[in-house]
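K.L.:
I have a structure I would like to understand better, so I am pasting it below and will then ask my questions one at a time.
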Amino acid sequence: TNPPSGTKSFALVNDDPDAPCGLWTHWLVKNIPATCTEIKENTVPGVEVESSWGCKKYKGPRPPSGTHRYYFKLYALKVEKMKANNLKDFYNEIEREKIGEATIMGTYKKQK
């Protein structure tokens, strides 16, 4: 609720900074309408972009070992539509177009 003034869309990033190879991006979603106030289970609020998994869909926590942190970052953007179609361009465009951001973090440990 109450996005920054001038918000035209949102973008969502879900990533894991504790992956053995470094930052691992689980999910990227662009072009989420500025009117969106929730993401219902098993829905996609915008357009998915290829993640570190090499696909355009959510793939949840899968740590090989130990406890990992999973960040969900929602960016308020000053553009209605993002052009980015890959992970690198997605992050670069967010840096150029963001006017606000919110982050929540959860942890997950692989069950034996």
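Identifiers for the structure tokens are assigned positionally: chains receive A, B, ... in sequence, residues are indexed from 1 per chain, and ligands are indexed from 1 in the order shown.
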Env of region 19-32 of chain A: 8 Å cut, atoms = only C-alpha atoms, seq-sep filter 3 positions within chain, self excluded. Answer as a ChimeraX atom specification.

P.N.:
/A:9-16,36,44-53,56-61,63,68,80-82,87

K.L.:
Just checking: using only C-alpha atoms, which residue out of A:Leu74, A:Ala84, A:Cys55, A:Val79 ends up closest to Glu97 (chain A)?

P.N.:
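That would be A:Val79, the residue with the smallest distance to Glu97 (chain A).
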
K.L.:
Using the chain letters and numbers from this document, which residues of chain A does DSSP assign to strand (DSSP E), as an MDAnalysis selection string?

P.N.:
chainID A and resid 9:16 24:33 47:49 67:77 98:109

K.L.:
Please identify all polymer residues within 12 Å of Thr1 (chain A), counting only C-alpha atoms, omitting same-chain residues fewer than 2 positions from it, and present them as a count of residues only.

P.N.:
12

K.L.:
Which value, in Å to one decimal, gives the distance between CA of Thr103 (chain A) and CA of Tyr91 (chain A)?

P.N.:
15.2 Å

K.L.:
As a list in words, please: all residues of chain A that backbone DSSP puts in alpha helix (DSSP H).

P.N.:
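Of chain A, only Leu87, Lys88, Asp89, Phe90, Tyr91, Asn92, Glu93, Ile94, Glu95, Arg96 and Glu97 of chain A fall in alpha helix (DSSP H).
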
K.L.:
Would you save the residues of that selection, restricted to all heavy atoms, as an mmCIF file, in the first residue's frame?

P.N.:
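The file below, result.cif, is the result:
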data_model
loop_
_atom_site.group_PDB
_atom_site.id
_atom_site.type_symbol
_atom_site.label_atom_id
_atom_site.label_comp_id
_atom_site.auth_asym_id
_atom_site.auth_seq_id
_atom_site.Cartn_x
_atom_site.Cartn_y
_atom_site.Cartn_z
ATOM 1 N N LEU A 87 18.418 -11.388 -17.098
ATOM 2 C CA LEU A 87 18.748 -11.062 -15.717
ATOM 3 C C LEU A 87 19.612 -9.797 -15.595
ATOM 4 O O LEU A 87 19.297 -8.901 -14.810
ATOM 5 C CB LEU A 87 19.446 -12.273 -15.090
ATOM 6 C CG LEU A 87 19.621 -12.274 -13.598
ATOM 7 C CD1 LEU A 87 19.318 -13.666 -13.066
ATOM 8 C CD2 LEU A 87 21.042 -11.932 -13.252
ATOM 9 N N LYS A 88 20.671 -9.711 -16.372
ATOM 10 C CA LYS A 88 21.581 -8.560 -16.284
ATOM 11 C C LYS A 88 20.857 -7.261 -16.627
ATOM 12 O O LYS A 88 20.951 -6.277 -15.892
ATOM 13 C CB LYS A 88 22.777 -8.766 -17.206
ATOM 14 C CG LYS A 88 23.767 -7.626 -17.165
ATOM 15 C CD LYS A 88 24.926 -7.848 -18.107
ATOM 16 C CE LYS A 88 25.842 -6.643 -18.106
ATOM 17 N NZ LYS A 88 26.859 -6.730 -19.132
ATOM 18 N N ASP A 89 20.121 -7.253 -17.728
ATOM 19 C CA ASP A 89 19.395 -6.049 -18.129
ATOM 20 C C ASP A 89 18.317 -5.687 -17.116
ATOM 21 O O ASP A 89 18.041 -4.513 -16.876
ATOM 22 C CB ASP A 89 18.771 -6.226 -19.516
ATOM 23 C CG ASP A 89 19.807 -6.268 -20.623
ATOM 24 O OD1 ASP A 89 20.987 -5.927 -20.378
ATOM 25 O OD2 ASP A 89 19.439 -6.679 -21.752
ATOM 26 N N PHE A 90 17.698 -6.707 -16.509
ATOM 27 C CA PHE A 90 16.659 -6.481 -15.500
ATOM 28 C C PHE A 90 17.221 -5.681 -14.328
ATOM 29 O O PHE A 90 16.668 -4.651 -13.946
ATOM 30 C CB PHE A 90 16.124 -7.832 -15.024
ATOM 31 C CG PHE A 90 14.854 -7.759 -14.221
ATOM 32 C CD1 PHE A 90 13.630 -7.934 -14.833
ATOM 33 C CD2 PHE A 90 14.883 -7.554 -12.851
ATOM 34 C CE1 PHE A 90 12.443 -7.893 -14.094
ATOM 35 C CE2 PHE A 90 13.718 -7.516 -12.105
ATOM 36 C CZ PHE A 90 12.492 -7.687 -12.729
ATOM 37 N N TYR A 91 18.337 -6.150 -13.775
ATOM 38 C CA TYR A 91 18.951 -5.440 -12.644
ATOM 39 C C TYR A 91 19.393 -4.028 -13.039
ATOM 40 O O TYR A 91 19.208 -3.077 -12.274
ATOM 41 C CB TYR A 91 20.141 -6.229 -12.090
ATOM 42 C CG TYR A 91 19.752 -7.359 -11.159
ATOM 43 C CD1 TYR A 91 19.830 -8.684 -11.565
ATOM 44 C CD2 TYR A 91 19.321 -7.104 -9.864
ATOM 45 C CE1 TYR A 91 19.487 -9.724 -10.706
ATOM 46 C CE2 TYR A 91 18.975 -8.128 -9.002
ATOM 47 C CZ TYR A 91 19.059 -9.435 -9.425
ATOM 48 O OH TYR A 91 18.710 -10.462 -8.568
ATOM 49 N N ASN A 92 19.963 -3.874 -14.224
ATOM 50 C CA ASN A 92 20.411 -2.552 -14.683
ATOM 51 C C ASN A 92 19.238 -1.597 -14.860
ATOM 52 O O ASN A 92 19.313 -0.428 -14.474
ATOM 53 C CB ASN A 92 21.192 -2.664 -15.994
ATOM 54 C CG ASN A 92 22.562 -3.272 -15.796
ATOM 55 O OD1 ASN A 92 23.139 -3.217 -14.711
ATOM 56 N ND2 ASN A 92 23.099 -3.881 -16.843
ATOM 57 N N GLU A 93 18.145 -2.088 -15.437
ATOM 58 C CA GLU A 93 16.986 -1.226 -15.656
ATOM 59 C C GLU A 93 16.339 -0.823 -14.335
ATOM 60 O O GLU A 93 15.908 0.318 -14.177
ATOM 61 C CB GLU A 93 15.973 -1.925 -16.566
ATOM 62 C CG GLU A 93 14.910 -0.994 -17.075
ATOM 63 C CD GLU A 93 14.044 -1.588 -18.178
ATOM 64 O OE1 GLU A 93 14.347 -2.693 -18.688
ATOM 65 O OE2 GLU A 93 13.061 -0.923 -18.545
ATOM 66 N N ILE A 94 16.285 -1.721 -13.380
ATOM 67 C CA ILE A 94 15.742 -1.375 -12.063
ATOM 68 C C ILE A 94 16.555 -0.238 -11.445
ATOM 69 O O ILE A 94 15.994 0.713 -10.896
ATOM 70 C CB ILE A 94 15.709 -2.598 -11.131
ATOM 71 C CG1 ILE A 94 14.529 -3.481 -11.492
ATOM 72 C CG2 ILE A 94 15.615 -2.173 -9.668
ATOM 73 C CD1 ILE A 94 14.448 -4.760 -10.706
ATOM 74 N N GLU A 95 17.867 -0.327 -11.534
ATOM 75 C CA GLU A 95 18.708 0.731 -10.954
ATOM 76 C C GLU A 95 18.426 2.091 -11.590
ATOM 77 O O GLU A 95 18.450 3.108 -10.911
ATOM 78 C CB GLU A 95 20.191 0.372 -11.084
ATOM 79 C CG GLU A 95 20.640 -0.681 -10.101
ATOM 80 C CD GLU A 95 20.307 -0.338 -8.651
ATOM 81 O OE1 GLU A 95 20.631 0.774 -8.190
ATOM 82 O OE2 GLU A 95 19.716 -1.186 -7.973
ATOM 83 N N ARG A 96 18.128 2.103 -12.879
ATOM 84 C CA ARG A 96 17.840 3.369 -13.585
ATOM 85 C C ARG A 96 16.448 3.903 -13.287
ATOM 86 O O ARG A 96 16.238 5.111 -13.251
ATOM 87 C CB ARG A 96 17.954 3.179 -15.099
ATOM 88 C CG ARG A 96 19.345 3.105 -15.642
ATOM 89 C CD ARG A 96 19.372 3.232 -17.164
ATOM 90 N NE ARG A 96 18.385 2.433 -17.868
ATOM 91 C CZ ARG A 96 18.548 1.157 -18.240
ATOM 92 N NH1 ARG A 96 19.676 0.527 -17.967
ATOM 93 N NH2 ARG A 96 17.592 0.518 -18.884
ATOM 94 N N GLU A 97 15.481 3.016 -13.103
ATOM 95 C CA GLU A 97 14.079 3.418 -13.079
ATOM 96 C C GLU A 97 13.409 3.392 -11.700
ATOM 97 O O GLU A 97 12.276 3.833 -11.566
ATOM 98 C CB GLU A 97 13.264 2.542 -14.036
ATOM 99 C CG GLU A 97 13.783 2.492 -15.463
ATOM 100 C CD GLU A 97 13.721 3.830 -16.200
ATOM 101 O OE1 GLU A 97 13.109 4.791 -15.693
ATOM 102 O OE2 GLU A 97 14.309 3.911 -17.293
#

K.L.:
For CA of Tyr75 (chain A) and CA of Met105 (chain A), determine how far apart the two atoms are, in Å to one decimal place.

P.N.:
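These two atoms are separated by 14.7 Å.
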
K.L.:
Figure out the distance between CA of Pro33 (chain A) and CA of Gly100 (chain A), please, to one decimal in Å.

P.N.:
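If I compute the distance from CA of Gly100 (chain A) to CA of Pro33 (chain A), I get 14.9 Å.
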
K.L.:
List the spatial neighbours of Lys112 (chain A) as a list of chain:residue names - criterion: any atom at most 12 Å away, only C-alpha atoms, same-chain residues fewer than 5 positions off excluded.

P.N.:
A:Pro63, A:Pro64, A:Ser65, A:Gly66
